[in-house]
$ cat final.txt   # compact mmCIF, C-alpha atoms
# COMPACT_ATOMS: atom_id res chain seq x y z
CA MET A 1 -36.22 -72.66 10.95
CA GLN A 2 -35.11 -75.95 9.38
CA GLY A 3 -37.65 -75.67 6.57
CA MET A 4 -36.33 -72.21 5.77
CA ALA A 5 -32.77 -73.60 5.79
CA VAL A 6 -33.63 -76.29 3.24
CA LEU A 7 -35.47 -73.73 1.10
CA SER A 8 -32.44 -71.42 1.15
CA CYS A 9 -30.19 -74.26 -0.05
CA TRP A 10 -32.64 -74.91 -2.88
CA VAL A 11 -32.34 -71.26 -3.90
CA LEU A 12 -28.54 -71.56 -4.07
CA GLY A 13 -28.68 -74.58 -6.39
CA ALA A 14 -31.44 -73.15 -8.58
CA LEU A 15 -29.71 -69.79 -8.94
CA GLN A 16 -26.43 -71.40 -9.95
CA GLY A 17 -28.14 -73.53 -12.58
CA ALA A 18 -30.24 -70.66 -13.94
CA ILE A 19 -27.24 -68.37 -14.41
CA LEU A 20 -25.27 -71.07 -16.24
CA ILE A 21 -28.19 -71.66 -18.60
CA LEU A 22 -28.55 -67.95 -19.37
CA ILE A 23 -24.86 -67.41 -20.22
CA PRO A 24 -25.42 -67.40 -24.03
CA LYS A 25 -28.19 -64.78 -23.73
CA MET A 26 -26.11 -62.63 -21.39
CA MET A 27 -23.13 -62.77 -23.76
CA LEU A 28 -25.12 -61.59 -26.79
CA GLN A 29 -27.26 -59.04 -24.95
CA GLY A 30 -24.35 -57.43 -23.10
CA GLN A 31 -21.90 -57.78 -26.01
CA LEU A 32 -19.52 -59.65 -23.72
CA THR A 33 -17.04 -62.42 -24.38
CA ALA A 34 -16.96 -65.60 -22.31
CA LEU A 35 -13.89 -64.37 -20.45
CA GLN A 36 -15.49 -61.00 -19.65
CA LEU A 37 -18.65 -62.63 -18.32
CA ALA A 38 -16.56 -65.03 -16.25
CA LEU A 39 -15.02 -62.10 -14.34
CA PRO A 40 -18.09 -61.08 -12.28
CA LEU A 41 -19.14 -64.71 -11.78
CA SER A 42 -15.70 -65.68 -10.49
CA LEU A 43 -15.50 -62.53 -8.37
CA GLY A 44 -18.73 -63.50 -6.61
CA THR A 45 -17.30 -66.94 -5.82
CA LEU A 46 -14.08 -65.44 -4.44
CA ILE A 47 -16.06 -63.12 -2.18
CA PHE A 48 -18.15 -66.13 -1.15
CA MET A 49 -14.99 -68.00 -0.09
CA ALA A 50 -13.60 -64.98 1.79
CA PHE A 51 -16.77 -64.30 3.82
CA CYS A 52 -17.96 -67.87 4.42
CA GLY A 53 -15.59 -68.39 7.35
CA GLN A 54 -16.53 -65.03 8.86
CA TRP A 55 -20.22 -65.84 8.79
CA GLY A 56 -19.53 -69.26 10.26
CA HIS A 57 -17.55 -67.71 13.13
CA LEU A 58 -20.36 -65.22 13.84
CA LEU A 59 -23.05 -67.92 13.76
CA ASP A 60 -21.03 -70.26 15.99
CA LYS A 61 -20.44 -67.43 18.46
CA ARG A 62 -24.14 -66.58 18.69
CA PHE A 63 -25.08 -70.26 18.85
CA SER A 64 -22.66 -70.91 21.73
CA ALA A 65 -23.98 -67.84 23.57
CA LYS A 66 -27.57 -69.08 23.00
CA GLN A 67 -28.41 -65.92 21.08
CA SER A 68 -30.93 -65.78 18.26
CA LEU A 69 -29.70 -66.89 14.86
CA LEU A 70 -32.77 -65.53 13.09
CA VAL A 71 -31.55 -61.96 13.49
CA VAL A 72 -28.52 -62.81 11.37
CA VAL A 73 -30.48 -64.97 8.94
CA LYS A 74 -33.03 -62.21 8.26
CA TRP A 75 -30.32 -59.70 7.32
CA VAL A 76 -28.58 -62.34 5.20
CA LEU A 77 -31.74 -63.13 3.24
CA LEU A 78 -32.50 -59.42 2.80
CA GLY A 79 -29.03 -58.81 1.38
CA PHE A 80 -29.38 -61.92 -0.80
CA ILE A 81 -32.65 -60.55 -2.21
CA ILE A 82 -31.05 -57.17 -2.99
CA SER A 83 -28.16 -58.86 -4.82
CA GLN A 84 -30.53 -60.99 -6.91
CA LEU A 85 -32.79 -58.05 -7.71
CA SER A 86 -29.86 -55.87 -8.82
CA PHE A 87 -28.56 -58.68 -11.04
CA ILE A 88 -31.94 -59.15 -12.75
CA LEU A 89 -32.60 -55.44 -13.23
CA LEU A 90 -29.18 -54.91 -14.79
CA LEU A 91 -29.78 -57.71 -17.30
CA GLN A 92 -33.41 -57.12 -18.16
CA TYR A 93 -34.03 -53.39 -17.91
CA SER A 94 -30.72 -51.57 -18.21
CA GLU A 95 -29.26 -50.59 -21.56
CA LEU A 96 -25.69 -50.99 -20.36
CA THR A 97 -23.31 -53.00 -22.49
CA GLY A 98 -19.63 -53.82 -22.54
CA THR A 99 -17.42 -52.43 -19.79
CA LEU A 100 -20.18 -50.50 -18.00
CA LEU A 101 -22.37 -53.59 -17.72
CA LEU A 102 -19.36 -55.63 -16.64
CA PHE A 103 -18.59 -53.22 -13.80
CA ALA A 104 -22.23 -53.15 -12.66
CA LEU A 105 -22.41 -56.95 -12.67
CA CYS A 106 -19.23 -57.10 -10.58
CA VAL A 107 -20.83 -54.89 -7.93
CA SER A 108 -23.94 -57.07 -7.94
CA ARG A 109 -21.90 -60.25 -7.62
CA VAL A 110 -19.89 -58.81 -4.73
CA LEU A 111 -23.17 -58.34 -2.85
CA HIS A 112 -24.13 -61.87 -3.85
CA GLY A 113 -20.89 -63.31 -2.49
CA ILE A 114 -21.11 -61.44 0.82
CA PHE A 115 -24.63 -62.55 1.73
CA CYS A 116 -24.86 -65.85 -0.14
CA SER A 117 -21.82 -67.15 1.77
CA ALA A 118 -23.87 -67.24 4.99
CA ILE A 119 -26.59 -69.53 3.59
CA ILE A 120 -24.77 -72.86 3.90
CA PRO A 121 -23.29 -72.27 7.41
CA SER A 122 -26.63 -71.07 8.78
CA ALA A 123 -28.54 -73.92 7.12
CA GLN A 124 -26.17 -76.62 8.38
CA LEU A 125 -26.11 -75.14 11.88
CA SER A 126 -29.90 -75.12 11.94
CA LEU A 127 -30.18 -78.68 10.61
CA SER A 128 -27.58 -79.96 13.09
CA ARG A 129 -29.74 -79.17 16.11
CA GLY A 130 -30.73 -82.43 17.74
CA ASP A 131 -29.16 -84.36 14.87
CA ILE A 132 -26.63 -86.52 16.69
CA LYS A 133 -26.13 -88.96 13.81
CA GLY A 134 -25.93 -86.27 11.13
CA GLU A 135 -28.94 -87.58 9.23
CA ARG A 136 -30.50 -84.17 8.67
CA LEU A 137 -27.38 -82.45 7.38
CA VAL A 138 -27.63 -84.37 4.13
CA TRP A 139 -30.74 -82.36 3.29
CA SER A 140 -28.65 -79.28 2.60
CA SER A 141 -26.89 -81.16 -0.23
CA ILE A 142 -30.13 -82.74 -1.44
CA ALA A 143 -31.89 -79.37 -1.56
CA THR A 144 -29.00 -77.81 -3.49
CA ASN A 145 -29.03 -80.61 -6.07
CA VAL A 146 -32.83 -80.45 -6.40
CA GLY A 147 -32.46 -76.72 -7.06
CA ARG A 148 -29.96 -77.42 -9.84
CA LEU A 149 -32.40 -79.97 -11.22
CA THR A 150 -35.28 -77.46 -11.10
CA ALA A 151 -33.44 -74.63 -12.86
CA PRO A 152 -33.52 -76.19 -16.36
CA LEU A 153 -37.27 -76.87 -15.97
CA LEU A 154 -37.93 -73.17 -15.31
CA THR A 155 -36.34 -72.37 -18.66
CA PHE A 156 -39.12 -74.20 -20.51
CA VAL A 157 -42.03 -72.49 -18.77
CA PRO A 158 -44.14 -70.92 -21.59
CA ILE A 159 -43.73 -67.31 -20.43
CA ASN A 160 -42.40 -64.59 -22.70
CA ASN A 161 -39.64 -63.51 -20.34
CA ASP A 162 -36.03 -64.60 -20.85
CA TYR A 163 -35.27 -64.09 -17.16
CA PHE A 164 -38.38 -65.73 -15.71
CA SER A 165 -36.27 -68.34 -13.90
CA LEU A 166 -34.36 -65.61 -12.03
CA TRP A 167 -37.60 -63.85 -11.07
CA PHE A 168 -39.07 -67.13 -9.81
CA ILE A 169 -35.99 -67.86 -7.69
CA LEU A 170 -36.13 -64.31 -6.30
CA THR A 171 -39.77 -64.88 -5.32
CA VAL A 172 -38.82 -68.07 -3.46
CA THR A 173 -36.07 -66.15 -1.63
CA VAL A 174 -38.63 -63.53 -0.54
CA PHE A 175 -40.85 -66.37 0.69
CA ALA A 176 -37.90 -67.74 2.72
CA LEU A 177 -37.44 -64.28 4.29
CA LEU A 178 -41.13 -64.21 5.23
CA ILE A 179 -40.76 -67.61 6.88
CA ALA A 180 -37.78 -66.26 8.83
CA CYS A 181 -39.76 -63.22 9.95
CA PHE A 182 -42.55 -65.39 11.39
CA SER A 183 -40.28 -68.08 12.85
CA HIS A 184 -38.70 -68.38 16.26
CA ASP A 185 -35.48 -70.01 17.41
CA SER A 186 -35.59 -73.44 18.96
CA LYS A 187 -34.38 -73.60 22.53
CA GLN A 188 -32.47 -76.80 21.81
CA HIS A 189 -28.71 -76.37 21.79
CA LEU A 190 -26.06 -78.97 21.30
CA ASP A 191 -22.72 -79.19 22.97
CA PRO A 192 -20.31 -78.08 20.22
CA THR A 193 -17.38 -79.91 21.84
CA PHE A 194 -16.50 -83.32 20.43
CA THR A 195 -14.27 -85.66 22.43
CA ALA A 196 -12.96 -89.03 21.31
CA ILE A 197 -13.51 -91.56 24.05
CA ASN A 198 -12.74 -95.24 24.15
CA HIS A 199 -13.87 -97.34 27.13
CA GLY A 200 -14.26 -94.24 29.24
CA LYS A 201 -10.72 -92.95 28.63
CA VAL A 202 -9.68 -90.12 26.35
CA ILE A 203 -7.21 -91.30 23.72
CA ALA A 204 -4.55 -88.79 22.77
CA PRO A 205 -3.58 -88.67 19.08
CA THR A 206 -0.24 -90.23 18.30
CA PRO A 207 2.26 -88.44 16.03
CA LEU A 208 2.10 -91.34 13.56
CA PHE A 209 -1.67 -91.16 13.24
CA SER A 210 -1.63 -87.35 12.98
CA PHE A 211 0.92 -87.59 10.17
CA PHE A 212 -1.23 -89.91 8.06
CA SER A 213 -4.39 -87.93 8.78
CA SER A 214 -2.86 -84.59 7.75
CA ARG A 215 -1.26 -86.09 4.66
CA LEU A 216 -4.58 -87.57 3.58
CA LEU A 217 -6.29 -84.21 4.11
CA VAL A 218 -3.76 -82.44 1.88
CA ILE A 219 -4.38 -84.91 -0.96
CA VAL A 220 -8.15 -84.64 -0.47
CA CYS A 221 -8.04 -80.82 -0.62
CA ILE A 222 -5.99 -80.98 -3.84
CA SER A 223 -8.52 -83.39 -5.32
CA ALA A 224 -11.39 -81.11 -4.25
CA LEU A 225 -9.71 -78.17 -5.96
CA LEU A 226 -9.15 -80.11 -9.21
CA LEU A 227 -12.67 -81.55 -9.21
CA SER A 228 -14.43 -78.22 -8.71
CA LEU A 229 -12.10 -76.59 -11.24
CA PHE A 230 -13.05 -79.24 -13.81
CA SER A 231 -16.76 -79.09 -12.96
CA SER A 232 -17.16 -75.31 -13.01
CA GLN A 233 -15.02 -75.00 -16.15
CA LEU A 234 -17.19 -77.61 -17.89
CA GLN A 235 -20.46 -76.01 -16.79
CA PHE A 236 -19.38 -72.53 -17.79
CA SER A 237 -18.04 -73.62 -21.20
CA LEU A 238 -21.20 -75.50 -22.24
CA GLY A 239 -23.03 -72.30 -23.21
CA PRO A 240 -20.23 -70.74 -25.31
CA LEU A 241 -19.42 -74.07 -27.01
CA LEU A 242 -23.06 -74.66 -27.94
CA LEU A 243 -23.46 -71.03 -29.02
CA ALA A 244 -20.54 -71.45 -31.43
CA GLN A 245 -22.00 -74.72 -32.69
CA TYR A 246 -25.62 -73.62 -33.23
CA ASN A 247 -25.02 -69.88 -33.79
CA SER A 248 -28.29 -69.23 -31.96
CA ALA A 249 -28.66 -68.08 -28.37
CA THR A 250 -32.11 -69.69 -28.09
CA LEU A 251 -30.94 -73.12 -29.26
CA ALA A 252 -27.78 -72.90 -27.16
CA THR A 253 -29.80 -71.98 -24.06
CA GLU A 254 -32.26 -74.84 -24.58
CA MET A 255 -29.48 -77.37 -25.15
CA THR A 256 -27.57 -76.12 -22.10
CA ALA A 257 -30.73 -76.51 -20.02
CA HIS A 258 -31.17 -80.10 -21.27
CA LEU A 259 -27.56 -80.97 -20.46
CA LEU A 260 -27.62 -79.41 -16.98
CA PHE A 261 -30.92 -81.14 -16.21
CA ALA A 262 -29.44 -84.49 -17.25
CA ALA A 263 -26.32 -83.79 -15.19
CA SER A 264 -28.33 -82.96 -12.05
CA ALA A 265 -30.56 -86.02 -12.48
CA SER A 266 -27.48 -88.21 -12.94
CA ALA A 267 -25.91 -86.76 -9.78
CA LEU A 268 -29.01 -87.42 -7.66
CA ILE A 269 -29.44 -90.98 -8.93
CA SER A 270 -25.76 -91.70 -8.41
CA LEU A 271 -25.79 -90.40 -4.84
CA PHE A 272 -29.01 -92.13 -3.80
CA ILE A 273 -28.46 -95.51 -5.50
CA VAL A 274 -24.99 -96.18 -6.93
CA TYR A 275 -23.01 -94.61 -4.09
CA ARG A 276 -24.86 -96.56 -1.41
CA LEU A 277 -24.31 -99.82 -3.28
CA LEU A 278 -20.61 -99.37 -4.02
CA SER A 279 -19.30 -97.29 -1.10
CA ARG A 280 -18.79 -100.46 0.97
CA TYR A 281 -16.34 -101.76 -1.63
CA PRO A 282 -13.69 -99.02 -2.05
CA ALA A 283 -11.71 -100.70 -4.84
CA ILE A 284 -14.80 -101.35 -6.97
CA PHE A 285 -16.12 -97.87 -6.23
CA LEU A 286 -12.85 -96.25 -7.29
CA MET A 287 -12.74 -98.23 -10.54
CA THR A 288 -16.38 -97.32 -11.28
CA ILE A 289 -16.01 -93.55 -10.89
CA SER A 290 -12.65 -93.59 -12.69
CA THR A 291 -14.12 -95.46 -15.66
CA ALA A 292 -17.13 -93.13 -15.80
CA LEU A 293 -14.88 -90.07 -15.75
CA ILE A 294 -12.49 -91.41 -18.42
CA VAL A 295 -15.26 -92.48 -20.81
CA GLY A 296 -17.22 -89.25 -20.27
CA CYS A 297 -14.16 -87.06 -20.81
CA CYS A 298 -13.19 -88.93 -23.99
CA LEU A 299 -16.68 -88.54 -25.44
CA PHE A 300 -16.78 -84.85 -24.56
CA VAL A 301 -13.35 -84.12 -26.02
CA LEU A 302 -14.29 -85.96 -29.22
CA GLN A 303 -17.61 -84.04 -29.26
CA GLN A 304 -19.50 -87.32 -29.56
CA GLN A 305 -22.63 -88.20 -27.55
CA ILE A 306 -22.43 -85.02 -25.48
CA MET A 307 -25.49 -85.94 -23.41
CA LEU A 308 -24.00 -89.31 -22.41
CA ALA A 309 -20.65 -87.66 -21.72
CA VAL A 310 -22.19 -85.11 -19.34
CA ILE A 311 -24.21 -87.84 -17.56
CA LEU A 312 -21.12 -90.00 -16.96
CA ILE A 313 -18.97 -87.07 -15.84
CA SER A 314 -21.69 -85.79 -13.50
CA ALA A 315 -22.11 -89.23 -11.93
CA ALA A 316 -18.39 -89.50 -11.21
CA LEU A 317 -17.98 -85.94 -9.95
CA SER A 318 -20.99 -86.20 -7.64
CA MET A 319 -19.93 -89.43 -5.92
CA ALA A 320 -16.22 -88.64 -5.55
CA PRO A 321 -16.65 -85.73 -3.05
CA ALA A 322 -18.93 -87.81 -0.82
CA TRP A 323 -16.29 -90.55 -0.81
CA TYR A 324 -13.13 -88.57 -0.13
CA THR A 325 -14.77 -86.13 2.29
CA ALA A 326 -16.03 -89.03 4.40
CA LEU A 327 -12.55 -90.58 4.37
CA ALA A 328 -10.89 -87.35 5.46
CA ILE A 329 -13.36 -86.69 8.26
CA HIS A 330 -13.14 -90.29 9.49
CA ALA A 331 -9.34 -90.13 9.54
CA SER A 332 -9.39 -86.92 11.57
CA GLN A 333 -10.37 -88.06 15.05
CA PHE A 334 -10.05 -84.70 16.78
CA HIS A 335 -10.59 -81.97 14.11
CA LYS A 336 -13.60 -83.11 12.11
CA ALA A 337 -15.12 -79.64 11.75
CA ARG A 338 -11.83 -78.15 10.57
CA THR A 339 -11.39 -81.01 8.12
CA SER A 340 -14.84 -80.45 6.64
CA ALA A 341 -14.15 -76.71 6.32
CA ALA A 342 -10.80 -77.33 4.60
CA VAL A 343 -12.40 -79.58 1.97
CA SER A 344 -15.14 -77.01 1.38
CA GLN A 345 -12.52 -74.32 0.85
CA GLY A 346 -10.87 -76.49 -1.80
CA HIS A 347 -14.16 -76.85 -3.65
CA THR A 348 -14.90 -73.13 -3.44
CA LEU A 349 -11.46 -72.15 -4.68
CA GLY A 350 -11.87 -74.34 -7.76
CA ASN A 351 -15.32 -72.91 -8.44
CA ALA A 352 -13.90 -69.39 -8.23
CA PHE A 353 -11.41 -69.92 -11.04
CA GLY A 354 -13.16 -72.57 -13.14
CA GLY A 355 -15.25 -70.19 -15.21
CA LEU A 356 -12.39 -67.71 -15.49
CA VAL A 357 -10.00 -70.37 -16.78
CA GLY A 358 -12.63 -71.70 -19.16
CA GLY A 359 -13.30 -68.26 -20.60
CA ALA A 360 -9.56 -67.59 -21.01
CA LEU A 361 -8.96 -70.91 -22.79
CA LEU A 362 -11.83 -70.22 -25.20
CA LEU A 363 -9.89 -67.20 -26.43
CA PHE A 364 -7.29 -69.63 -27.77
CA GLY A 365 -9.89 -71.89 -29.36
CA GLU A 366 -11.95 -74.90 -28.38
CA GLN A 367 -8.98 -77.27 -28.67
CA SER A 368 -7.16 -75.55 -25.81
CA LEU A 369 -10.21 -75.98 -23.60
CA LEU A 370 -10.60 -79.65 -24.49
CA VAL A 371 -6.90 -80.33 -23.82
CA SER A 372 -7.30 -78.80 -20.36
CA PHE A 373 -10.09 -81.28 -19.62
CA ILE A 374 -7.73 -84.14 -20.44
CA LEU A 375 -5.04 -82.75 -18.13
CA LEU A 376 -7.48 -82.15 -15.28
CA THR A 377 -8.91 -85.65 -15.68
CA SER A 378 -5.45 -87.20 -15.45
CA CYS A 379 -4.61 -85.18 -12.34
CA MET A 380 -7.92 -86.06 -10.68
CA LEU A 381 -7.42 -89.77 -11.30
CA ALA A 382 -3.94 -89.56 -9.80
CA THR A 383 -5.26 -87.89 -6.62
CA TRP A 384 -8.11 -90.41 -6.32
CA PHE A 385 -5.73 -93.35 -6.38
CA ALA A 386 -3.44 -91.53 -3.92
CA ILE A 387 -6.41 -90.98 -1.60
CA TYR A 388 -7.33 -94.66 -1.83
CA LEU A 389 -3.80 -95.78 -0.93
CA GLN A 390 -3.40 -93.20 1.84
CA ALA A 391 -6.81 -94.03 3.31
CA SER A 392 -5.93 -97.73 3.36
CA ARG A 393 -2.78 -96.98 5.35
CA SER A 394 -4.67 -94.66 7.66
CA THR A 395 -7.28 -97.37 8.30
CA GLU A 396 -4.56 -99.83 9.21
CA ARG A 397 -3.02 -97.36 11.68
CA THR A 398 -6.45 -96.70 13.21
CA ALA A 399 -7.03 -100.42 13.74
CA VAL A 400 -3.63 -100.73 15.44
CA LEU A 401 -4.40 -97.78 17.74
CA ASP A 402 -7.79 -99.26 18.65
CA LYS A 403 -6.18 -102.56 19.62
CA LEU A 404 -3.51 -100.80 21.67
CA SER A 405 -6.04 -98.63 23.48
CA SER A 406 -8.30 -101.61 24.19
CA GLY A 407 -5.39 -103.62 25.51
CA SER A 408 -4.25 -100.84 27.80
CA VAL A 409 -7.55 -100.69 29.67
$ encode --input "final.txt" --output "structure tokens"
Amino acid sequence: MQGMAVLSCWVLGALQGAILILIPKMMLQGQLTALQLALPLSLGTLIFMAFCGQWGHLLDKRFSAKQSLLVVVKWVLLGFIISQLSFILLLQYSELTGTLLLFALCVSRVLHGIFCSAIIPSAQLSLSRGDIKGERLVWSSIATNVGRLTAPLLTFVPINNDYFSLWFILTVTVFALLIACFSHDSKQHLDPTFTAINHGKVIAPTPLFSFFSSRLLVIVCISALLLSLFSSQLQFSLGPLLLAQYNSATLATEMTAHLLFAASASALISLFIVYRLLSRYPAIFLMTISTALIVGCCLFVLQQQIMLAVILISAALSMAPAWYTALAIHASQFHKARTSAAVSQGHTLGNAFGGLVGGALLLFGEQSLLVSFILLTSCMLATWFAIYLQASRSTERTAVLDKLSSGSV
């Protein structure tokens, strides 16, 4: 069950990377503009955000009732396979172009959003079984990033099929369904109730602490929205920008694959090495990711050293969510699950509109798009420093509460 969960997360990352790489080909083949192609992609993300909570509620309900999760997972994977297959067939074998193709892709992406939105909740619920310290949950993020790292490599496989990467990912999804069909649920269930206890006594949240915790969460959610908006807008715009520069879909696709591969590698290295080294020193960590983001954004806007720019931006944008999500969850003593869900919603909302905003700005020229990156960078930096200051105050209040509770025993 857990192996299938990790494999499903890999599929999500690989599929996202493969679609971004194939944007130039899809634009030329379907006679679509960047804005038109962004519509079905953004629609799928919006549907994902709308149904994610519903799937989570259903899975939690069955988990609490000790009912089989595999029944739900099998139907989810089957629907996920149908959505992928319809997407590939429309692109490779249909002769639809323009508005007709756009409408068909929207239908396919709606199916994608409905069933794909259950992958992460089911995977994390499966990985959380028996994982008191939360050490296994990280594998859902690792698998997703490895999938994004694998997608560019599939582009260079010497097979005369422009959509080979999508077919390969579909095959892996079918394999995951087969694993689900021959798997069985573990009998191990965890108590879903979390209670904060200090020296054997339950500590009630004080209004002062709740105020700082909620205020920090609001700033974190705003930062998550800005970060995912910047990231998805950048990823979506790489293909159209390179297509305009090289005037060749093949060259643009290859260069996009190289850039996304470098970005994924930078994200993994940053999370495994740099984040662990610097996370203990918040001030130094904040200055490091801020500097990386500023330098990367400047290089990208100036269209100089694009590879280095993408590497620096990816490093900053991969470490920041791990930092501010941990701060928000730590500050929320009694609603950690809700806090995690709220931050995820912020990320999903930004992803839903990133490509759409990028495609719209390209209609007004590249300069409009590049100016938006500068504005988003400035706003992100402001929220990061606000999170740092708010988290420092929240930590001080937590220390005071701990001393008071210890003294009252």
$ closest_residue --input "final.txt" --among "A:Val295, A:Leu238, A:Val343, A:Leu100" --to "Ala34 of chain A" --atoms "only C-alpha atoms"
A:Leu238
$ residues_around --input "final.txt" --residues "Cys52 of chain A" --least-positions-apart "5" --cutoff "10 Å" --atoms "all atoms listed in the file" --output "list in words"
Leu46, Ile47, His57, Gly113, Ile114, Phe115, Cys116, Ser117, Ala118, Ile119, Ile120, Pro121, Ala341, Gln345 and Thr348 of chain A
$ write_last_selection --input "final.txt" --atoms "C-alpha atoms" --output "compact mmCIF listing (two decimals), in the coordinates of the input"
# COMPACT_ATOMS: atom_id res chain seq x y z
CA LEU A 46 -14.08 -65.44 -4.44
CA ILE A 47 -16.06 -63.12 -2.18
CA HIS A 57 -17.55 -67.71 13.13
CA GLY A 113 -20.89 -63.31 -2.49
CA ILE A 114 -21.11 -61.44 0.82
CA PHE A 115 -24.63 -62.55 1.73
CA CYS A 116 -24.86 -65.85 -0.14
CA SER A 117 -21.82 -67.15 1.77
CA ALA A 118 -23.87 -67.24 4.99
CA ILE A 119 -26.59 -69.53 3.59
CA ILE A 120 -24.77 -72.86 3.90
CA PRO A 121 -23.29 -72.27 7.41
CA ALA A 341 -14.15 -76.71 6.32
CA GLN A 345 -12.52 -74.32 0.85
CA THR A 348 -14.90 -73.13 -3.44
$ atom_distance --input "final.txt" --atom1 "atom CA of Ala262 of chain A" --atom2 "atom CA of Leu308 of chain A"
8.9 Å
$ closest_residue --input "final.txt" --among "A:Met255, A:Leu260, A:Leu102, A:Ala123" --to "Leu39 of chain A" --atoms "all atoms listed in the file"
A:Leu102
$ atom_distance --input "final.txt" --atom1 "atom CA of Thr97 of chain A" --atom2 "atom CA of Thr256 of chain A"
23.5 Å
$ residues_around --input "final.txt" --residues "segment 363-370 of chain A" --least-positions-apart "4" --cutoff "10 Å" --atoms "only C-alpha atoms" --output "PyMOL selection string"
chain A and resi 33-35+233-234+237+240-241+244+297-298+300-303+357-359+374-375
$ axis_aligned_box --input "final.txt" --around "segment 166-173 of chain A" --padding-each-side "4 Å" --output "JSON"
{"center_x": -37.1, "center_y": -66.0, "center_z": -6.8, "size_x": 13.4, "size_y": 12.2, "size_z": 18.4}
$ residues_around --input "final.txt" --residues "Leu286 of chain A" --least-positions-apart "2" --cutoff "8 Å" --atoms "only C-alpha atoms" --output "PyMOL selection string"
chain A and resi 282-284+288-290+384-385+388
$ write_last_selection --input "final.txt" --atoms "C-alpha atoms" --output "PDB file, keeping the file's coordinate frame"
ATOM      1  CA  PRO A 282     -13.690 -99.020  -2.050  1.00  0.00           C
ATOM      2  CA  ALA A 283     -11.710-100.700  -4.840  1.00  0.00           C
ATOM      3  CA  ILE A 284     -14.800-101.350  -6.970  1.00  0.00           C
ATOM      4  CA  THR A 288     -16.380 -97.320 -11.280  1.00  0.00           C
ATOM      5  CA  ILE A 289     -16.010 -93.550 -10.890  1.00  0.00           C
ATOM      6  CA  SER A 290     -12.650 -93.590 -12.690  1.00  0.00           C
ATOM      7  CA  TRP A 384      -8.110 -90.410  -6.320  1.00  0.00           C
ATOM      8  CA  PHE A 385      -5.730 -93.350  -6.380  1.00  0.00           C
ATOM      9  CA  TYR A 388      -7.330 -94.660  -1.830  1.00  0.00           C
TER      10      TYR A 388
END
$ atom_distance --input "final.txt" --atom1 "atom CA of Trp75 of chain A" --atom2 "atom CA of Ile179 of chain A"
13.1 Å
$ closest_residue --input "final.txt" --among "A:Leu317, A:Ser122, A:Val11, A:Thr150" --to "Trp55 of chain A" --atoms "all atoms listed in the file"
A:Ser122
$ closest_residue --input "final.txt" --among "A:Leu277, A:Thr155, A:Leu59, A:His112" --to "Ser42 of chain A" --atoms "all atoms listed in the file"
A:His112
$ closest_residue --input "final.txt" --among "A:Gln235, A:Ser392, A:Ser94, A:Gln84" --to "Thr171 of chain A" --atoms "only C-alpha atoms"
A:Gln84
$ closest_residue --input "final.txt" --among "A:Gly296, A:Gly346, A:Gly355, A:Pro152" --to "Thr377 of chain A" --atoms "all atoms listed in the file"
A:Gly296
$ residues_around --input "final.txt" --residues "segment 159-168 of chain A" --least-positions-apart "5" --cutoff "10 Å" --atoms "only C-alpha atoms" --output "PyMOL selection string"
chain A and resi 11+14-15+17-19+21-22+25+84-85+87-89+91-92+150-154+173-174+250
$ write_last_selection --input "final.txt" --atoms "C-alpha atoms" --output "mmCIF file, in the frame of the given file"
data_model
loop_
_atom_site.group_PDB
_atom_site.id
_atom_site.type_symbol
_atom_site.label_atom_id
_atom_site.label_comp_id
_atom_site.auth_asym_id
_atom_site.auth_seq_id
_atom_site.Cartn_x
_atom_site.Cartn_y
_atom_site.Cartn_z
ATOM 1 C CA VAL A 11 -32.340 -71.260 -3.900
ATOM 2 C CA ALA A 14 -31.440 -73.150 -8.580
ATOM 3 C CA LEU A 15 -29.710 -69.790 -8.940
ATOM 4 C CA GLY A 17 -28.140 -73.530 -12.580
ATOM 5 C CA ALA A 18 -30.240 -70.660 -13.940
ATOM 6 C CA ILE A 19 -27.240 -68.370 -14.410
ATOM 7 C CA ILE A 21 -28.190 -71.660 -18.600
ATOM 8 C CA LEU A 22 -28.550 -67.950 -19.370
ATOM 9 C CA LYS A 25 -28.190 -64.780 -23.730
ATOM 10 C CA GLN A 84 -30.530 -60.990 -6.910
ATOM 11 C CA LEU A 85 -32.790 -58.050 -7.710
ATOM 12 C CA PHE A 87 -28.560 -58.680 -11.040
ATOM 13 C CA ILE A 88 -31.940 -59.150 -12.750
ATOM 14 C CA LEU A 89 -32.600 -55.440 -13.230
ATOM 15 C CA LEU A 91 -29.780 -57.710 -17.300
ATOM 16 C CA GLN A 92 -33.410 -57.120 -18.160
ATOM 17 C CA THR A 150 -35.280 -77.460 -11.100
ATOM 18 C CA ALA A 151 -33.440 -74.630 -12.860
ATOM 19 C CA PRO A 152 -33.520 -76.190 -16.360
ATOM 20 C CA LEU A 153 -37.270 -76.870 -15.970
ATOM 21 C CA LEU A 154 -37.930 -73.170 -15.310
ATOM 22 C CA THR A 173 -36.070 -66.150 -1.630
ATOM 23 C CA VAL A 174 -38.630 -63.530 -0.540
ATOM 24 C CA THR A 250 -32.110 -69.690 -28.090
#
